[in-house]
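Novice: Below are the structure tokens for one structure; questions will follow.
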Amino acid sequence: MQKLPIAAVFVCTVASCFAQLTPEQKTTDFLAIAGLYDKEYAPYNWKVQAFGYDMLKLSPWLVQVNASTDDLSFYDICVRYVASLNDFHDEFVLPSYYEAFLPFTVDIYDGKVLVDAIDTNALDPKTYPFAVGDELVSVDGTSAATWIANLGPYAVNGRGNPVSRNRLAAATILDRYQGWYTYANKVKYGDVATVVINTQKGTSTFKISWETIGIPLTAEGPVPDPSTTSIHVTAALRSAVRTPIRQSSRAAADTWALANRAMSRRVAQPATGREASARKLRDLGYLHPDHLVAGSIDPFGAMDPLFNPPPGFKLRLGAASTDNFVSGTFPVGDATVGFIRIPTFEPNDENAALQQFQGEIAYFQRNTSGLVIDVMGNGGGDICYTNNMLQFLFPAPFQSMGFSLRATEQWFLYFEGQLLDAVFGGAPNSVIQQYATLLSEVQQALSQNRGMTPPVPLCSYTLTYPPATDQKGNNLAYSKPILLLTNNFTGSAAETFSATLQDGNRATVYGERTSGGGGNVVEFGANAGPYGEGTVRVTQSLEVRRHNITTPGLPSAPYIENIGVYPDIIGNYQTKDNLVNGGTTFVSGFSAAIARLIGHE
């Protein structure tokens, strides 16, 4: 996982070390987590069908909880319980910012764990003569393959797709953030790792010191159990709970942009009251590394493309700090093709981003024969913003993705609020009636045991969207061929974007199977257990496509969850050739693909 070196690292020798939780407190917290998933988690039946995993069979987990000897072992049980869902969105996050890392990064290329970035300020090439493209063999006597297998439960944002999971597990070998990896505290500042690397001159062993950020968590603060009665966990209680950075090299990145610019992150517009609650329910995004990352690039949301620009590329957007996209044009034969990278679907200012996107689409419509859209490593964001972007790419009405909701009072209030807005906003009776129907579907599902709604829209009263138009009704959508670039870090709302274009026969998808994150996700803090102070994220809906998708190793189903979006044309970026040559082969592949689409082979 390529990252840039950080400017400074602070070192703390005092650990966050307090008294351990009592057995009763650990049981209380674990049952709270299980109850939360029982109430809120939408893909429950799908996980039983796809993996044979029933999250409500708690006996084995409670045995582990009761046998845990300290807080970290308990936290780890919580992490592995949620990880067992094999969900892109869902994780248990420890209350810690501590991070230990080595000053180089790795990823999987051609099935091998290869070095893809080195902080030469920390590792002098004369003393550490290994290079990008060399293979990581082992760390501290454990092979890279064994590390990957052991670190799979901690591969946050990767568990929906086994390829994504293994890539993020490989990154965790060298970058251990305790919020996600329970036992990061075992590594202290100045500890020396024994690293074996296959270099161009043979296998070499290096001694490399770990760097750290923050204070390690070792235990929770003491809190007495309620004195009125002791919590006794019986077999009956246990059974009753059932019903309750990426780039091949910085040189490649620097060829895209001419100035430093701030990367788009979360939506910055203020939202209060019901508006804030509604926005929370529309989140289809990955878990941001909410800590001081050991570098400035994570695998999701990087502004620059992974690869060097195509030959003859002319930059339009990407150099200014206000740019939300990297865009430009490049020649394909005697034709001109547009290119735009969408790094995220949660920009700082949605309105400004949409205006910028509209301007680029207008330019491309006038001046290009086809368009390449890059959503590789796009971790998702706001589903409503995503649908607004799609309106500029469909010149005729199109169908957006519907969401089958795990019905709760929270969803009832969401749709009740939309109905009230329509009534008091003077909406046509037909629109009011459609909102009333949606509310009725949620109400009906609420009356059922773990009821699920049929696929419903989250941002409108209908799943059908018109193309973007100006005030005079003129069509603003791009009407020419589109090639969409994806990889296995294309996630969540970016998968919505990809699936909508693919299902509507509006784009040819080029690249790799996406992350497999198909639903909205909500973060819960105190509800995840009052004593441990951990956080969980819960998928509350299942995104439903127009037809069943067949994926090796999974049942055929109309879901994005785990299945992801399969490319129409396979283009594997994760090769050593692409790593060391700035993605030249990958660029040639998608250039040839867009040439075929526009008839300029």
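Within each chain, counting starts at residue 1; across the structure tokens, chains are named A, B, ... in the order shown, with ligands numbered 1 upward in that order.
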Would you please give, as a compact mmCIF listing (two decimals) with all heavy atoms, in the first residue's frame, all residues of range 283-389 of chain A that DSSP assigns to helix (DSSP H, G or I) based on the backbone?

Specialist:
# COMPACT_ATOMS: atom_id res chain seq x y z
N GLU A 350 -20.79 19.23 -2.63
CA GLU A 350 -21.46 18.49 -3.69
C GLU A 350 -21.90 19.40 -4.83
O GLU A 350 -21.77 19.05 -6.01
CB GLU A 350 -22.67 17.74 -3.12
CG GLU A 350 -22.30 16.56 -2.25
CD GLU A 350 -23.53 15.77 -1.81
OE1 GLU A 350 -24.65 16.14 -2.22
OE2 GLU A 350 -23.36 14.79 -1.08
N ASN A 351 -22.44 20.57 -4.51
CA ASN A 351 -22.92 21.47 -5.56
C ASN A 351 -21.79 21.93 -6.46
O ASN A 351 -21.92 21.95 -7.69
CB ASN A 351 -23.63 22.67 -4.94
CG ASN A 351 -24.95 22.30 -4.29
OD1 ASN A 351 -25.62 21.37 -4.72
ND2 ASN A 351 -25.31 23.02 -3.24
N ALA A 352 -20.65 22.29 -5.84
CA ALA A 352 -19.51 22.73 -6.64
C ALA A 352 -18.99 21.58 -7.51
O ALA A 352 -18.62 21.79 -8.68
CB ALA A 352 -18.40 23.24 -5.72
N ALA A 353 -18.96 20.37 -6.95
CA ALA A 353 -18.48 19.22 -7.71
C ALA A 353 -19.40 18.93 -8.89
O ALA A 353 -18.95 18.64 -10.00
CB ALA A 353 -18.36 18.01 -6.80
N LEU A 354 -20.72 19.00 -8.67
CA LEU A 354 -21.67 18.75 -9.75
C LEU A 354 -21.53 19.79 -10.86
O LEU A 354 -21.61 19.47 -12.05
CB LEU A 354 -23.10 18.72 -9.22
CG LEU A 354 -23.54 17.44 -8.54
CD1 LEU A 354 -24.89 17.63 -7.86
CD2 LEU A 354 -23.62 16.30 -9.55
N GLN A 355 -21.33 21.04 -10.48
CA GLN A 355 -21.13 22.08 -11.49
C GLN A 355 -19.86 21.82 -12.30
O GLN A 355 -19.85 21.99 -13.52
CB GLN A 355 -21.06 23.45 -10.81
CG GLN A 355 -22.38 23.94 -10.25
CD GLN A 355 -22.27 25.28 -9.55
OE1 GLN A 355 -21.21 25.91 -9.54
NE2 GLN A 355 -23.37 25.74 -8.95
N GLN A 356 -18.82 21.39 -11.61
CA GLN A 356 -17.57 21.10 -12.31
C GLN A 356 -17.75 19.89 -13.25
O GLN A 356 -17.26 19.90 -14.38
CB GLN A 356 -16.48 20.81 -11.27
CG GLN A 356 -15.08 21.17 -11.72
CD GLN A 356 -14.10 21.13 -10.56
OE1 GLN A 356 -13.85 20.07 -10.00
NE2 GLN A 356 -13.55 22.29 -10.21
N PHE A 357 -18.46 18.88 -12.77
CA PHE A 357 -18.71 17.70 -13.59
C PHE A 357 -19.55 18.06 -14.81
O PHE A 357 -19.27 17.63 -15.93
CB PHE A 357 -19.41 16.64 -12.74
CG PHE A 357 -19.51 15.29 -13.41
CD1 PHE A 357 -18.39 14.49 -13.59
CD2 PHE A 357 -20.75 14.81 -13.83
CE1 PHE A 357 -18.48 13.25 -14.19
CE2 PHE A 357 -20.85 13.57 -14.44
CZ PHE A 357 -19.71 12.78 -14.62
N GLN A 358 -20.58 18.89 -14.59
CA GLN A 358 -21.42 19.33 -15.70
C GLN A 358 -20.59 20.05 -16.76
O GLN A 358 -20.76 19.81 -17.97
CB GLN A 358 -22.51 20.27 -15.19
CG GLN A 358 -23.39 20.86 -16.29
CD GLN A 358 -24.43 21.83 -15.75
OE1 GLN A 358 -24.81 21.75 -14.58
NE2 GLN A 358 -24.90 22.74 -16.59
N GLY A 359 -19.67 20.90 -16.33
CA GLY A 359 -18.82 21.61 -17.27
C GLY A 359 -17.95 20.69 -18.09
O GLY A 359 -17.77 20.88 -19.31
N GLU A 360 -17.40 19.67 -17.43
CA GLU A 360 -16.55 18.72 -18.16
C GLU A 360 -17.37 17.88 -19.14
O GLU A 360 -16.93 17.63 -20.27
CB GLU A 360 -15.81 17.80 -17.18
CG GLU A 360 -14.76 18.51 -16.35
CD GLU A 360 -13.75 19.23 -17.24
OE1 GLU A 360 -12.88 18.57 -17.82
OE2 GLU A 360 -13.86 20.48 -17.36
N ILE A 361 -18.57 17.46 -18.72
CA ILE A 361 -19.40 16.66 -19.61
C ILE A 361 -19.80 17.48 -20.83
O ILE A 361 -19.82 16.98 -21.97
CB ILE A 361 -20.65 16.15 -18.86
CG1 ILE A 361 -20.25 15.13 -17.80
CG2 ILE A 361 -21.65 15.54 -19.83
CD1 ILE A 361 -19.51 13.92 -18.32
N ALA A 362 -20.12 18.75 -20.63
CA ALA A 362 -20.47 19.61 -21.76
C ALA A 362 -19.29 19.71 -22.73
O ALA A 362 -19.47 19.64 -23.96
CB ALA A 362 -20.88 20.99 -21.26
N TYR A 363 -18.09 19.88 -22.20
CA TYR A 363 -16.90 19.96 -23.06
C TYR A 363 -16.69 18.65 -23.81
O TYR A 363 -16.42 18.64 -25.02
CB TYR A 363 -15.68 20.29 -22.22
CG TYR A 363 -14.40 20.33 -23.02
CD1 TYR A 363 -14.02 21.50 -23.68
CD2 TYR A 363 -13.60 19.21 -23.15
CE1 TYR A 363 -12.86 21.54 -24.44
CE2 TYR A 363 -12.44 19.23 -23.91
CZ TYR A 363 -12.08 20.40 -24.55
OH TYR A 363 -10.93 20.42 -25.31
N PHE A 364 -16.81 17.52 -23.09
CA PHE A 364 -16.60 16.23 -23.73
C PHE A 364 -17.65 15.95 -24.80
O PHE A 364 -17.35 15.36 -25.84
CB PHE A 364 -16.63 15.11 -22.68
CG PHE A 364 -15.47 15.14 -21.72
CD1 PHE A 364 -15.65 14.77 -20.39
CD2 PHE A 364 -14.20 15.53 -22.12
CE1 PHE A 364 -14.59 14.79 -19.49
CE2 PHE A 364 -13.13 15.55 -21.24
CZ PHE A 364 -13.33 15.18 -19.92
N GLN A 365 -18.89 16.37 -24.55
CA GLN A 365 -19.95 16.15 -25.54
C GLN A 365 -19.62 16.89 -26.84
O GLN A 365 -19.87 16.37 -27.94
CB GLN A 365 -21.30 16.63 -24.99
CG GLN A 365 -22.47 16.47 -25.92
CD GLN A 365 -22.84 15.02 -26.19
OE1 GLN A 365 -22.48 14.13 -25.42
NE2 GLN A 365 -23.52 14.77 -27.30
N ARG A 366 -19.05 18.05 -26.75
CA ARG A 366 -18.72 18.85 -27.94
C ARG A 366 -17.45 18.38 -28.63
O ARG A 366 -17.32 18.52 -29.86
CB ARG A 366 -18.56 20.33 -27.56
CG ARG A 366 -19.81 21.02 -27.06
CD ARG A 366 -19.60 22.53 -26.99
NE ARG A 366 -18.43 22.89 -26.19
CZ ARG A 366 -18.47 23.16 -24.89
NH1 ARG A 366 -19.64 23.09 -24.24
NH2 ARG A 366 -17.38 23.48 -24.23
N ASN A 367 -16.49 17.85 -27.85
CA ASN A 367 -15.14 17.73 -28.39
C ASN A 367 -14.57 16.31 -28.42
O ASN A 367 -13.42 16.13 -28.80
CB ASN A 367 -14.19 18.61 -27.57
CG ASN A 367 -14.53 20.08 -27.67
OD1 ASN A 367 -14.27 20.72 -28.69
ND2 ASN A 367 -15.14 20.62 -26.62
N ILE A 383 -25.35 8.37 -1.87
CA ILE A 383 -26.07 7.77 -2.98
C ILE A 383 -26.84 8.81 -3.79
O ILE A 383 -26.98 8.67 -5.02
CB ILE A 383 -27.02 6.66 -2.47
CG1 ILE A 383 -27.73 5.96 -3.64
CG2 ILE A 383 -28.02 7.19 -1.49
CD1 ILE A 383 -26.81 5.31 -4.63
N CYS A 384 -27.32 9.86 -3.16
CA CYS A 384 -28.07 10.88 -3.90
C CYS A 384 -27.16 11.66 -4.84
O CYS A 384 -27.50 11.93 -6.00
CB CYS A 384 -28.78 11.82 -2.94
SG CYS A 384 -29.97 10.98 -1.85
N TYR A 385 -25.98 12.02 -4.37
CA TYR A 385 -24.99 12.67 -5.22
C TYR A 385 -24.61 11.76 -6.37
O TYR A 385 -24.45 12.20 -7.52
CB TYR A 385 -23.77 13.04 -4.38
CG TYR A 385 -22.57 13.53 -5.15
CD1 TYR A 385 -22.52 14.80 -5.69
CD2 TYR A 385 -21.46 12.70 -5.31
CE1 TYR A 385 -21.41 15.25 -6.38
CE2 TYR A 385 -20.34 13.13 -5.99
CZ TYR A 385 -20.31 14.40 -6.53
OH TYR A 385 -19.20 14.84 -7.22
N THR A 386 -24.48 10.46 -6.09
CA THR A 386 -24.13 9.49 -7.13
C THR A 386 -25.19 9.47 -8.23
O THR A 386 -24.87 9.49 -9.42
CB THR A 386 -23.99 8.09 -6.51
OG1 THR A 386 -23.01 8.13 -5.47
CG2 THR A 386 -23.58 7.07 -7.55
N ASN A 387 -26.46 9.43 -7.84
CA ASN A 387 -27.53 9.44 -8.83
C ASN A 387 -27.56 10.74 -9.63
O ASN A 387 -27.85 10.75 -10.83
CB ASN A 387 -28.88 9.22 -8.15
CG ASN A 387 -29.10 7.78 -7.74
OD1 ASN A 387 -28.57 6.86 -8.36
ND2 ASN A 387 -29.88 7.57 -6.69
N ASN A 388 -27.23 11.85 -8.99
CA ASN A 388 -27.17 13.13 -9.71
C ASN A 388 -26.05 13.11 -10.75
O ASN A 388 -26.22 13.65 -11.86
CB ASN A 388 -26.95 14.28 -8.74
CG ASN A 388 -28.17 14.56 -7.89
OD1 ASN A 388 -29.29 14.23 -8.26
ND2 ASN A 388 -27.97 15.17 -6.73
N MET A 389 -24.94 12.49 -10.42
CA MET A 389 -23.84 12.37 -11.40
C MET A 389 -24.29 11.52 -12.59
O MET A 389 -23.98 11.84 -13.75
CB MET A 389 -22.63 11.72 -10.72
CG MET A 389 -22.01 12.51 -9.60
SD MET A 389 -20.83 13.73 -10.17
CE MET A 389 -19.40 12.70 -10.43

Novice: Which range 356-382 of chain A residues have any atom within 12 Å of an atom of range 152-176 of chain A, and for each, what is the nearest pair of atoms with distance in Å to one decimal, counting only C-alpha atoms, rows sorted by chain and number, as CSV?

Specialist:
residue,atom,partner,partner_atom,distance
A:Gly377,CA,A:Ser164,CA,10.8
A:Asn378,CA,A:Asn157,CA,11.6
A:Gly379,CA,A:Asn157,CA,8.6
A:Gly380,CA,A:Asn157,CA,11.2

Novice: Would you output that residue set with N, CA, C and O atoms, as a tab-separated table (two decimals), in the first residue's frame?

Specialist:
chain	number	residue	atom	x	y	z
A	377	GLY	N	-10.52	2.46	-7.03
A	377	GLY	CA	-10.20	2.97	-5.70
A	377	GLY	C	-11.18	3.99	-5.17
A	377	GLY	O	-10.93	4.61	-4.14
A	378	ASN	N	-12.30	4.19	-5.83
A	378	ASN	CA	-13.34	5.09	-5.32
A	378	ASN	C	-14.15	4.31	-4.29
A	378	ASN	O	-14.82	3.33	-4.62
A	379	GLY	N	-14.10	4.74	-3.02
A	379	GLY	CA	-14.74	3.99	-1.94
A	379	GLY	C	-16.19	4.34	-1.70
A	379	GLY	O	-16.78	3.85	-0.74
A	380	GLY	N	-16.79	5.18	-2.55
A	380	GLY	CA	-18.22	5.44	-2.42
A	380	GLY	C	-18.54	6.78	-1.79
A	380	GLY	O	-17.73	7.71	-1.79

Novice: List the neighbours of range 572-586 of chain A out to 7 Å using only C-alpha atoms; skip same-chain residues closer than 4 positions along the sequence, and give me the result as a list of chain:residue names.

Specialist: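 Once the nearby chain positions are removed, what remains is A:Ile108, A:Tyr109, A:Asp110, A:Gly133, A:Ser248, A:Ala252, A:Phe307, A:Asn308, A:Gly511, A:Glu512, A:Phe590.
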
Novice: Could you take the residues named above and write them with C-alpha atoms, as a PDB file, in the first residue's frame?

Specialist:
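Ended up saving to again.pdb:
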ATOM      1  CA  ILE A 108      -0.173  -8.185  -4.190  1.00  0.00           C
ATOM      2  CA  TYR A 109       0.928  -8.222  -7.827  1.00  0.00           C
ATOM      3  CA  ASP A 110       0.885 -11.369  -9.973  1.00  0.00           C
ATOM      4  CA  GLY A 133       8.961  -4.628  -7.423  1.00  0.00           C
ATOM      5  CA  SER A 248       2.474   2.526  -8.679  1.00  0.00           C
ATOM      6  CA  ALA A 252       3.288   8.499 -11.961  1.00  0.00           C
ATOM      7  CA  PHE A 307      -1.401   4.825 -13.892  1.00  0.00           C
ATOM      8  CA  ASN A 308       0.581   7.297 -15.977  1.00  0.00           C
ATOM      9  CA  GLY A 511     -10.924  -3.743 -15.164  1.00  0.00           C
ATOM     10  CA  GLU A 512     -11.539  -6.048 -12.232  1.00  0.00           C
ATOM     11  CA  PHE A 590      -8.244   0.430 -21.999  1.00  0.00           C
TER      12      PHE A 590
END

Novice: With only C-alpha atoms as the counted atoms, please give the residues lying no more than 8 Å from range 141-146 of chain A, apart from itself and same-chain residues fewer than 3 positions off, as a list in words.

Specialist: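 Answer for this query is Val113, Leu136, Val137, Ser138, Ala149, Asn150, Ala170, Ile173 and Thr194 of chain A.
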
Novice: Generate a file of the selected residues that holds N, CA and C atoms, formatted as a PDB file, in the first residue's frame.

Specialist:
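Everything below was put into again-v4.pdb:
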ATOM      1  N   VAL A 113       3.549 -10.819  -2.993  1.00  0.00           N
ATOM      2  CA  VAL A 113       3.557  -9.600  -2.190  1.00  0.00           C
ATOM      3  C   VAL A 113       4.800  -8.809  -2.554  1.00  0.00           C
ATOM      4  N   LEU A 136       8.375  -9.312  -0.850  1.00  0.00           N
ATOM      5  CA  LEU A 136       8.439  -9.510   0.594  1.00  0.00           C
ATOM      6  C   LEU A 136       8.244 -10.993   0.893  1.00  0.00           C
ATOM      7  N   VAL A 137       9.236 -11.602   1.547  1.00  0.00           N
ATOM      8  CA  VAL A 137       9.187 -13.028   1.846  1.00  0.00           C
ATOM      9  C   VAL A 137       8.593 -13.272   3.226  1.00  0.00           C
ATOM     10  N   SER A 138       9.103 -12.543   4.224  1.00  0.00           N
ATOM     11  CA  SER A 138       8.644 -12.772   5.592  1.00  0.00           C
ATOM     12  C   SER A 138       8.935 -11.564   6.465  1.00  0.00           C
ATOM     13  N   ALA A 149      -3.110 -14.649   5.759  1.00  0.00           N
ATOM     14  CA  ALA A 149      -4.174 -15.515   6.280  1.00  0.00           C
ATOM     15  C   ALA A 149      -4.582 -15.098   7.694  1.00  0.00           C
ATOM     16  N   ASN A 150      -3.597 -14.754   8.523  1.00  0.00           N
ATOM     17  CA  ASN A 150      -3.887 -14.398   9.913  1.00  0.00           C
ATOM     18  C   ASN A 150      -4.526 -13.017  10.047  1.00  0.00           C
ATOM     19  N   ALA A 170      -2.342  -7.826   3.330  1.00  0.00           N
ATOM     20  CA  ALA A 170      -0.920  -7.659   3.014  1.00  0.00           C
ATOM     21  C   ALA A 170      -0.422  -6.296   3.482  1.00  0.00           C
ATOM     22  N   ILE A 173       0.427  -6.094   7.239  1.00  0.00           N
ATOM     23  CA  ILE A 173       1.685  -6.678   7.716  1.00  0.00           C
ATOM     24  C   ILE A 173       2.632  -5.575   8.169  1.00  0.00           C
ATOM     25  N   THR A 194      12.577  -8.102  11.652  1.00  0.00           N
ATOM     26  CA  THR A 194      13.453  -8.839  10.749  1.00  0.00           C
ATOM     27  C   THR A 194      12.690  -9.088   9.461  1.00  0.00           C
TER      28      THR A 194
END

Novice: Using only C-alpha atoms, tabulate the residues of range 358-430 of chain A lying at most 6 Å from any atom of range 317-338 of chain A, each with its closest atom pair and that distance in Å to one decimal, by chain and increasing residue number, as a Markdown table.

Specialist:
| residue | atom | partner | partner_atom | distance |
| --- | --- | --- | --- | --- |
| A:Phe364 | CA | A:Gly338 | CA | 5.9 |
| A:Thr368 | CA | A:Thr336 | CA | 5.0 |
| A:Ser369 | CA | A:Val337 | CA | 5.7 |
| A:Gly370 | CA | A:Val337 | CA | 5.0 |
| A:Leu371 | CA | A:Gly338 | CA | 4.5 |

Novice: Would you mind exporting the chosen residues as a PDB file, in the first residue's frame, restricted to N, CA, C and O atoms?

Specialist:
ATOM      1  N   PHE A 364     -16.813  17.524 -23.086  1.00  0.00           N
ATOM      2  CA  PHE A 364     -16.597  16.226 -23.729  1.00  0.00           C
ATOM      3  C   PHE A 364     -17.653  15.950 -24.802  1.00  0.00           C
ATOM      4  O   PHE A 364     -17.352  15.355 -25.836  1.00  0.00           O
ATOM      5  N   THR A 368     -15.317  15.311 -27.996  1.00  0.00           N
ATOM      6  CA  THR A 368     -14.765  13.960 -27.956  1.00  0.00           C
ATOM      7  C   THR A 368     -15.701  12.961 -28.649  1.00  0.00           C
ATOM      8  O   THR A 368     -16.891  13.221 -28.825  1.00  0.00           O
ATOM      9  N   SER A 369     -15.119  11.813 -28.992  1.00  0.00           N
ATOM     10  CA  SER A 369     -15.881  10.725 -29.609  1.00  0.00           C
ATOM     11  C   SER A 369     -16.234   9.641 -28.608  1.00  0.00           C
ATOM     12  O   SER A 369     -17.036   8.750 -28.910  1.00  0.00           O
ATOM     13  N   GLY A 370     -15.638   9.667 -27.440  1.00  0.00           N
ATOM     14  CA  GLY A 370     -15.891   8.689 -26.393  1.00  0.00           C
ATOM     15  C   GLY A 370     -15.306   9.181 -25.089  1.00  0.00           C
ATOM     16  O   GLY A 370     -14.531  10.152 -25.062  1.00  0.00           O
ATOM     17  N   LEU A 371     -15.666   8.508 -23.999  1.00  0.00           N
ATOM     18  CA  LEU A 371     -15.264   8.969 -22.674  1.00  0.00           C
ATOM     19  C   LEU A 371     -14.805   7.795 -21.827  1.00  0.00           C
ATOM     20  O   LEU A 371     -15.489   6.757 -21.770  1.00  0.00           O
TER      21      LEU A 371
END

Novice: Which residues, written as a PyMOL selection string, have at least one atom at most 7 Å from Thr453 in chain A, with only C-alpha atoms counted and residues fewer than 4 positions away on the same chain left out?

Specialist: chain A and resi 404-407+441-442+445

Novice: Can you work out which one of A:Ala396, A:Ile148, A:Ile482, A:Val223 has the shortest atom-to-atom distance to Leu597 in chain A, counting only C-alpha atoms?

Specialist: A:Ile482
